[in-house]
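Notes for the one structure printed next.
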Amino acid sequence: MVTADRSALLARLAANAYRIRRYAVRMGEVQGQGYIGQALGWADVLAVAYGHALNFRPDDPKWEGRDRFLLSHGHYAIALYAALIDARIIPEHELQTYGSDDSRLPMSGMATYTPGMEISGGSLGQGLPIAVGMALALKHKKNPAFIYNSMSDGELDEGSTWEAVMSAAHHGLDNLICLVDINNQQADGPSGKVMGFEPLGDKWTAFGWHVQRVDGNDLPAVLQAFDCARSLRGPKPRVILFDTLMGKGVPFLEQRDKNHFIRVDPPEWQLALRILDLAQPEEVAP
């Protein structure tokens with residue numbers, strides 16, 4: 001049974017996801033290209049993260065009590081910028097500077113430039129090892145904050161990822177939640193063909209993690225998975241495996257054979273915005 005409060009929360013999160021997708025497309029239009037497929041597919045996860053799960057202060061991104069959100073897959077920066085704009089950590093007008101000289105929004109995530117960006121990601125397989133170190137440090141400081149590590153299925157090819165998976169379980173890091181985007185696409189082709197990773201849930205379980213696998217574009221399922229990961233008791237790190245659709249919400253992008261990095265004709269950016277607007281939720285004001 002879905003309560004009225006839960007229904008209201010889901011309506012608000014749907015509005016968050018809509019705005020995140022729209023902000024990302026607007027930034028893509030600035031440069032005429034970008035990792036828009038990932039942003040559209042990951043928007044629902046980011047909506048729940050920044051609209052519900054994370055503890056943070058928009059006016060104080062370095063607040064010591066904050067939950068840390070690590071963007072290991074640095075090329076997803078356009079998606080995170082959209083979420084940070086929606087969370088009012090970055091002002092909306094800055095999206096017009098995306099990827100430009102002296103912008104705080106470079107095309108790959110850089111912690112030295114962007115408020116709310118915890119690490120400089122991009123060299124895949126580095127985020128989870130850093131997250132393990134951060135989670136250990138918070139434990140030693142008796143800081144109750146969570147570390148969230150956002151990563152892609154392409155990072156499952158990296159040995160450093162699995163070393164970190166083993167290390168996190170060894171140290172009982174129950175303050176670490178890993179979010180894996182399984183869109184089955186990377187620069188060299190379908191992720192599962194570049195390096196087969198299934199049965200993925202069984203592998204994480206064997207390493208000692210609590211595992212959930214859900215449709216990353218099903219908001220109620222995403223919300224429930226986040227709530228479960230935060231409320232668990234016991235000395236286990238947690239991972240949520242999200243199956244997502246690249247380009248979600250814009251059919252002509254969803255249907256592309258290759259949409260790891262998207263270039264479209266100038267009129268198509270406005271077409272994408274119109275398609276998103278046709279499906280916009282009732283509650284859209286931030």
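By convention in this document, the chains of the structure tokens carry letters A, B, ... by their order, each chain's residues are numbered from 1, and ligands are numbered from 1 in the order they are shown.
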(message) I'd like the contact shell of A:Arg22 - 8 Å cut-off, only C-alpha atoms, skipping same-chain residues fewer than 3 positions apart - returned as a list of chain:residue names.
(response)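 Result of the neighbour search: A:Tyr18, A:Arg19, A:Val25, A:Arg26, A:Leu273, A:Leu276.
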(message) Please identify the strand (DSSP E) residues within stretch 30-102 of chain A (assignment by DSSP from backbone atoms) and present them as a PyMOL selection string.
(response) chain A and resi 33-34+68-71
Please produce a file of those selected residues containing all heavy atoms, as an mmCIF file, in the first residue's frame.
data_model
loop_
_atom_site.group_PDB
_atom_site.id
_atom_site.type_symbol
_atom_site.label_atom_id
_atom_site.label_comp_id
_atom_site.auth_asym_id
_atom_site.auth_seq_id
_atom_site.Cartn_x
_atom_site.Cartn_y
_atom_site.Cartn_z
ATOM 1 N N GLN A 33 27.204 18.566 -27.915
ATOM 2 C CA GLN A 33 27.615 17.186 -27.725
ATOM 3 C C GLN A 33 27.782 16.927 -26.236
ATOM 4 O O GLN A 33 27.797 17.849 -25.431
ATOM 5 C CB GLN A 33 28.943 16.912 -28.440
ATOM 6 C CG GLN A 33 30.084 17.801 -27.956
ATOM 7 C CD GLN A 33 31.332 17.647 -28.797
ATOM 8 O OE1 GLN A 33 31.356 16.933 -29.788
ATOM 9 N NE2 GLN A 33 32.400 18.316 -28.408
ATOM 10 N N GLY A 34 27.905 15.663 -25.891
ATOM 11 C CA GLY A 34 28.156 15.340 -24.494
ATOM 12 C C GLY A 34 27.649 13.960 -24.123
ATOM 13 O O GLY A 34 27.092 13.226 -24.950
ATOM 14 N N ARG A 68 28.871 12.084 1.555
ATOM 15 C CA ARG A 68 29.744 12.332 0.404
ATOM 16 C C ARG A 68 29.252 11.530 -0.805
ATOM 17 O O ARG A 68 29.059 10.319 -0.682
ATOM 18 C CB ARG A 68 31.181 11.943 0.702
ATOM 19 C CG ARG A 68 32.016 12.964 1.469
ATOM 20 C CD ARG A 68 31.643 13.077 2.912
ATOM 21 N NE ARG A 68 32.668 13.801 3.671
ATOM 22 C CZ ARG A 68 32.509 14.230 4.913
ATOM 23 N NH1 ARG A 68 31.365 14.011 5.567
ATOM 24 N NH2 ARG A 68 33.479 14.876 5.531
ATOM 25 N N PHE A 69 29.093 12.209 -1.935
ATOM 26 C CA PHE A 69 28.696 11.545 -3.181
ATOM 27 C C PHE A 69 29.878 11.619 -4.135
ATOM 28 O O PHE A 69 30.250 12.692 -4.607
ATOM 29 C CB PHE A 69 27.473 12.233 -3.790
ATOM 30 C CG PHE A 69 26.889 11.500 -4.973
ATOM 31 C CD1 PHE A 69 25.841 10.608 -4.811
ATOM 32 C CD2 PHE A 69 27.387 11.699 -6.253
ATOM 33 C CE1 PHE A 69 25.299 9.918 -5.901
ATOM 34 C CE2 PHE A 69 26.865 11.028 -7.350
ATOM 35 C CZ PHE A 69 25.812 10.138 -7.172
ATOM 36 N N LEU A 70 30.493 10.469 -4.399
ATOM 37 C CA LEU A 70 31.694 10.416 -5.237
ATOM 38 C C LEU A 70 31.306 10.017 -6.656
ATOM 39 O O LEU A 70 30.673 8.977 -6.862
ATOM 40 C CB LEU A 70 32.698 9.405 -4.675
ATOM 41 C CG LEU A 70 33.613 9.867 -3.538
ATOM 42 C CD1 LEU A 70 32.838 10.379 -2.348
ATOM 43 C CD2 LEU A 70 34.544 8.729 -3.111
ATOM 44 N N LEU A 71 31.704 10.831 -7.617
ATOM 45 C CA LEU A 71 31.436 10.538 -9.025
ATOM 46 C C LEU A 71 32.673 9.870 -9.610
ATOM 47 O O LEU A 71 33.549 10.529 -10.162
ATOM 48 C CB LEU A 71 31.088 11.820 -9.785
ATOM 49 C CG LEU A 71 30.546 11.597 -11.204
ATOM 50 C CD1 LEU A 71 29.098 11.094 -11.145
ATOM 51 C CD2 LEU A 71 30.614 12.885 -12.019
#
(message) Quick check for you: according to DSSP on this backbone, which residues of stretch 123-205 of chain A are classed as helix (DSSP H, G or I)? Reply as a VMD selection string.
(response) chain A and resid 127 to 141 153 to 157 159 to 170 191 to 194 200 to 205
Using only C-alpha atoms, please write the residues we just selected to a file, as a PDB file, in the first residue's frame.
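What follows is the written file result.pdb:
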ATOM      1  CA  GLY A 127      36.274   6.048  -7.185  1.00  0.00           C
ATOM      2  CA  LEU A 128      35.541   2.963  -5.097  1.00  0.00           C
ATOM      3  CA  PRO A 129      39.076   2.706  -3.676  1.00  0.00           C
ATOM      4  CA  ILE A 130      38.831   6.381  -2.668  1.00  0.00           C
ATOM      5  CA  ALA A 131      35.382   5.725  -1.186  1.00  0.00           C
ATOM      6  CA  VAL A 132      36.823   2.918   0.960  1.00  0.00           C
ATOM      7  CA  GLY A 133      39.449   5.291   2.340  1.00  0.00           C
ATOM      8  CA  MET A 134      36.868   7.992   3.031  1.00  0.00           C
ATOM      9  CA  ALA A 135      34.524   5.525   4.727  1.00  0.00           C
ATOM     10  CA  LEU A 136      37.351   4.277   6.955  1.00  0.00           C
ATOM     11  CA  ALA A 137      38.273   7.857   7.855  1.00  0.00           C
ATOM     12  CA  LEU A 138      34.693   8.691   8.840  1.00  0.00           C
ATOM     13  CA  LYS A 139      34.600   5.566  10.999  1.00  0.00           C
ATOM     14  CA  HIS A 140      37.766   6.635  12.814  1.00  0.00           C
ATOM     15  CA  LYS A 141      36.336  10.126  13.340  1.00  0.00           C
ATOM     16  CA  ASP A 153      29.438  -1.029 -15.412  1.00  0.00           C
ATOM     17  CA  GLY A 154      32.566  -0.276 -17.458  1.00  0.00           C
ATOM     18  CA  GLU A 155      34.440   0.029 -14.163  1.00  0.00           C
ATOM     19  CA  LEU A 156      33.714  -3.624 -13.472  1.00  0.00           C
ATOM     20  CA  ASP A 157      36.561  -4.335 -15.921  1.00  0.00           C
ATOM     21  CA  GLY A 159      41.015  -4.798 -10.996  1.00  0.00           C
ATOM     22  CA  SER A 160      41.165  -1.862  -8.591  1.00  0.00           C
ATOM     23  CA  THR A 161      37.377  -1.987  -8.328  1.00  0.00           C
ATOM     24  CA  TRP A 162      37.400  -5.575  -7.086  1.00  0.00           C
ATOM     25  CA  GLU A 163      40.284  -4.940  -4.698  1.00  0.00           C
ATOM     26  CA  ALA A 164      38.183  -2.165  -3.173  1.00  0.00           C
ATOM     27  CA  VAL A 165      35.112  -4.424  -3.051  1.00  0.00           C
ATOM     28  CA  MET A 166      37.091  -6.992  -1.048  1.00  0.00           C
ATOM     29  CA  SER A 167      38.654  -4.330   1.196  1.00  0.00           C
ATOM     30  CA  ALA A 168      35.311  -2.695   2.035  1.00  0.00           C
ATOM     31  CA  ALA A 169      33.842  -6.008   3.169  1.00  0.00           C
ATOM     32  CA  HIS A 170      36.961  -6.843   5.195  1.00  0.00           C
ATOM     33  CA  SER A 191      29.850  -3.719 -21.605  1.00  0.00           C
ATOM     34  CA  GLY A 192      28.911  -7.370 -21.304  1.00  0.00           C
ATOM     35  CA  LYS A 193      30.766  -8.185 -24.521  1.00  0.00           C
ATOM     36  CA  VAL A 194      33.856  -6.123 -23.722  1.00  0.00           C
ATOM     37  CA  LEU A 200      26.901  -9.700 -11.095  1.00  0.00           C
ATOM     38  CA  GLY A 201      24.761  -9.897  -7.976  1.00  0.00           C
ATOM     39  CA  ASP A 202      26.264 -13.255  -7.033  1.00  0.00           C
ATOM     40  CA  LYS A 203      29.767 -11.828  -7.362  1.00  0.00           C
ATOM     41  CA  TRP A 204      29.141  -8.884  -5.013  1.00  0.00           C
ATOM     42  CA  THR A 205      27.392 -11.218  -2.559  1.00  0.00           C
TER      43      THR A 205
END
(request) Please measure the separation of atom CA of A:Asn143 and atom CA of A:His52, giving the value in Å to one decimal. (result)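 Computing it gives 20.0 Å between the two atoms.
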(message) At a cut-off of 7 Å, using only C-alpha atoms, what residues contact A:Pro115? Leave out same-chain residues fewer than 2 positions from it and give the result as a ChimeraX atom specification.
(response) /A:61,89-90,113,117
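Closest approach to A:Ala225 from the set A:Phe56, A:Phe242, A:Tyr50, A:Trp209 is made by A:Phe242, with distances taken over only C-alpha atoms.
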(message) Between A:Pro144, A:Tyr81, A:Ala221, A:Ala24, which residue has the minimum interatomic distance to A:Gly41, considering only C-alpha atoms?
(response) A:Ala24
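Distance-wise, atom CA of A:Pro266 and atom CA of A:Ala87 end up 28.2 Å apart.
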(message) So that I can check the surroundings of A:Glu29, please list as a ChimeraX atom specification every protein, DNA and RNA residue that reaches within 10 Å of it, counting only C-alpha atoms and ignoring chain neighbours fewer than 6 positions away.
(response) /A:23,36,96,98,263-270
Atoms kept (N, CA and C atoms) for selection, written as a PDB file, in the first residue's frame:
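Result file selection_21.pdb:
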ATOM      1  N   TYR A  23      17.965  19.981 -17.451  1.00  0.00           N
ATOM      2  CA  TYR A  23      19.217  20.725 -17.267  1.00  0.00           C
ATOM      3  C   TYR A  23      20.348  20.084 -18.076  1.00  0.00           C
ATOM      4  N   ILE A  36      25.102  12.758 -22.821  1.00  0.00           N
ATOM      5  CA  ILE A  36      23.696  12.978 -22.518  1.00  0.00           C
ATOM      6  C   ILE A  36      22.970  11.653 -22.266  1.00  0.00           C
ATOM      7  N   GLN A  96      24.940  27.556 -18.663  1.00  0.00           N
ATOM      8  CA  GLN A  96      25.293  28.135 -19.965  1.00  0.00           C
ATOM      9  C   GLN A  96      26.795  28.166 -20.194  1.00  0.00           C
ATOM     10  N   TYR A  98      28.770  25.501 -19.494  1.00  0.00           N
ATOM     11  CA  TYR A  98      29.216  24.112 -19.494  1.00  0.00           C
ATOM     12  C   TYR A  98      30.309  23.864 -20.540  1.00  0.00           C
ATOM     13  N   ARG A 263      26.353  13.293 -30.277  1.00  0.00           N
ATOM     14  CA  ARG A 263      26.327  14.525 -31.068  1.00  0.00           C
ATOM     15  C   ARG A 263      25.032  14.502 -31.869  1.00  0.00           C
ATOM     16  N   VAL A 264      24.294  15.585 -31.831  1.00  0.00           N
ATOM     17  CA  VAL A 264      23.057  15.649 -32.607  1.00  0.00           C
ATOM     18  C   VAL A 264      23.024  16.965 -33.370  1.00  0.00           C
ATOM     19  N   ASP A 265      22.176  17.034 -34.377  1.00  0.00           N
ATOM     20  CA  ASP A 265      22.006  18.267 -35.129  1.00  0.00           C
ATOM     21  C   ASP A 265      21.373  19.332 -34.230  1.00  0.00           C
ATOM     22  N   PRO A 266      21.724  20.599 -34.427  1.00  0.00           N
ATOM     23  CA  PRO A 266      21.218  21.668 -33.551  1.00  0.00           C
ATOM     24  C   PRO A 266      19.712  21.638 -33.283  1.00  0.00           C
ATOM     25  N   PRO A 267      18.855  21.422 -34.287  1.00  0.00           N
ATOM     26  CA  PRO A 267      17.409  21.427 -33.978  1.00  0.00           C
ATOM     27  C   PRO A 267      16.979  20.294 -33.048  1.00  0.00           C
ATOM     28  N   GLU A 268      17.779  19.226 -32.977  1.00  0.00           N
ATOM     29  CA  GLU A 268      17.378  18.081 -32.175  1.00  0.00           C
ATOM     30  C   GLU A 268      17.471  18.335 -30.679  1.00  0.00           C
ATOM     31  N   TRP A 269      18.288  19.288 -30.255  1.00  0.00           N
ATOM     32  CA  TRP A 269      18.323  19.625 -28.838  1.00  0.00           C
ATOM     33  C   TRP A 269      16.976  20.194 -28.393  1.00  0.00           C
ATOM     34  N   GLN A 270      16.424  21.088 -29.195  1.00  0.00           N
ATOM     35  CA  GLN A 270      15.117  21.646 -28.860  1.00  0.00           C
ATOM     36  C   GLN A 270      14.028  20.580 -28.956  1.00  0.00           C
TER      37      GLN A 270
END
(message) I'd like to know which of A:Cys178, A:Leu84, A:Ile240, A:Ala14 is closest to A:Phe146, using only C-alpha atoms.
(response)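 Of the candidates, the smallest distance to A:Phe146 is held by A:Cys178.
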(request) Excluding A:Ala15 and residues on its chain fewer than 5 positions from it, collect all residues at most 12 Å away from it, counting only C-alpha atoms, and give them as a ChimeraX atom specification. (result) /A:8-10,20-22,43-44,46-48,51,83,86,219,276-277,279-286
(message) Please determine, counting only C-alpha atoms, which residue among A:Ser123, A:Gln212, A:Ser100, A:Asn16 has the shortest atom-to-atom distance to A:Ile177.
(response) A:Gln212
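Nearest residue to A:Val45 among A:Asp227, A:Asp181, A:Asp67, A:Glu254 is A:Asp181, counting only C-alpha atoms.
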(message) What's the separation between atom CA of A:Lys236 and atom CA of A:Asp218, in Å to one decimal place?
(response)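 Answer for the atom CA of A:Lys236 to atom CA of A:Asp218 separation: 25.4 Å.
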(request) Using only C-alpha atoms, determine which residues lie at most 8 Å from A:His73, disregarding the query and same-chain residues fewer than 4 positions distant; provide the list as a PyMOL selection string. (result) chain A and resi 77+121-124+127+150-152
Save the residues we just selected, C-alpha atoms, as a PDB file, in the first residue's frame?
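Contents of out-v6.pdb, freshly written:
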ATOM      1  CA  ALA A  77      29.749  15.110 -14.766  1.00  0.00           C
ATOM      2  CA  GLY A 121      36.930  11.227 -11.468  1.00  0.00           C
ATOM      3  CA  GLY A 122      37.417   9.915 -14.960  1.00  0.00           C
ATOM      4  CA  SER A 123      40.166   7.310 -14.739  1.00  0.00           C
ATOM      5  CA  LEU A 124      37.745   4.433 -14.256  1.00  0.00           C
ATOM      6  CA  GLY A 127      36.274   6.048  -7.185  1.00  0.00           C
ATOM      7  CA  SER A 150      28.564   6.350  -8.207  1.00  0.00           C
ATOM      8  CA  MET A 151      30.177   4.197 -10.887  1.00  0.00           C
ATOM      9  CA  SER A 152      29.524   2.569 -14.251  1.00  0.00           C
TER      10      SER A 152
END
(request) Counting only C-alpha atoms, figure out which residue out of A:Arg12, A:Arg238, A:Lys248, A:His210 gets nearest to A:Asn183. (result) A:Lys248
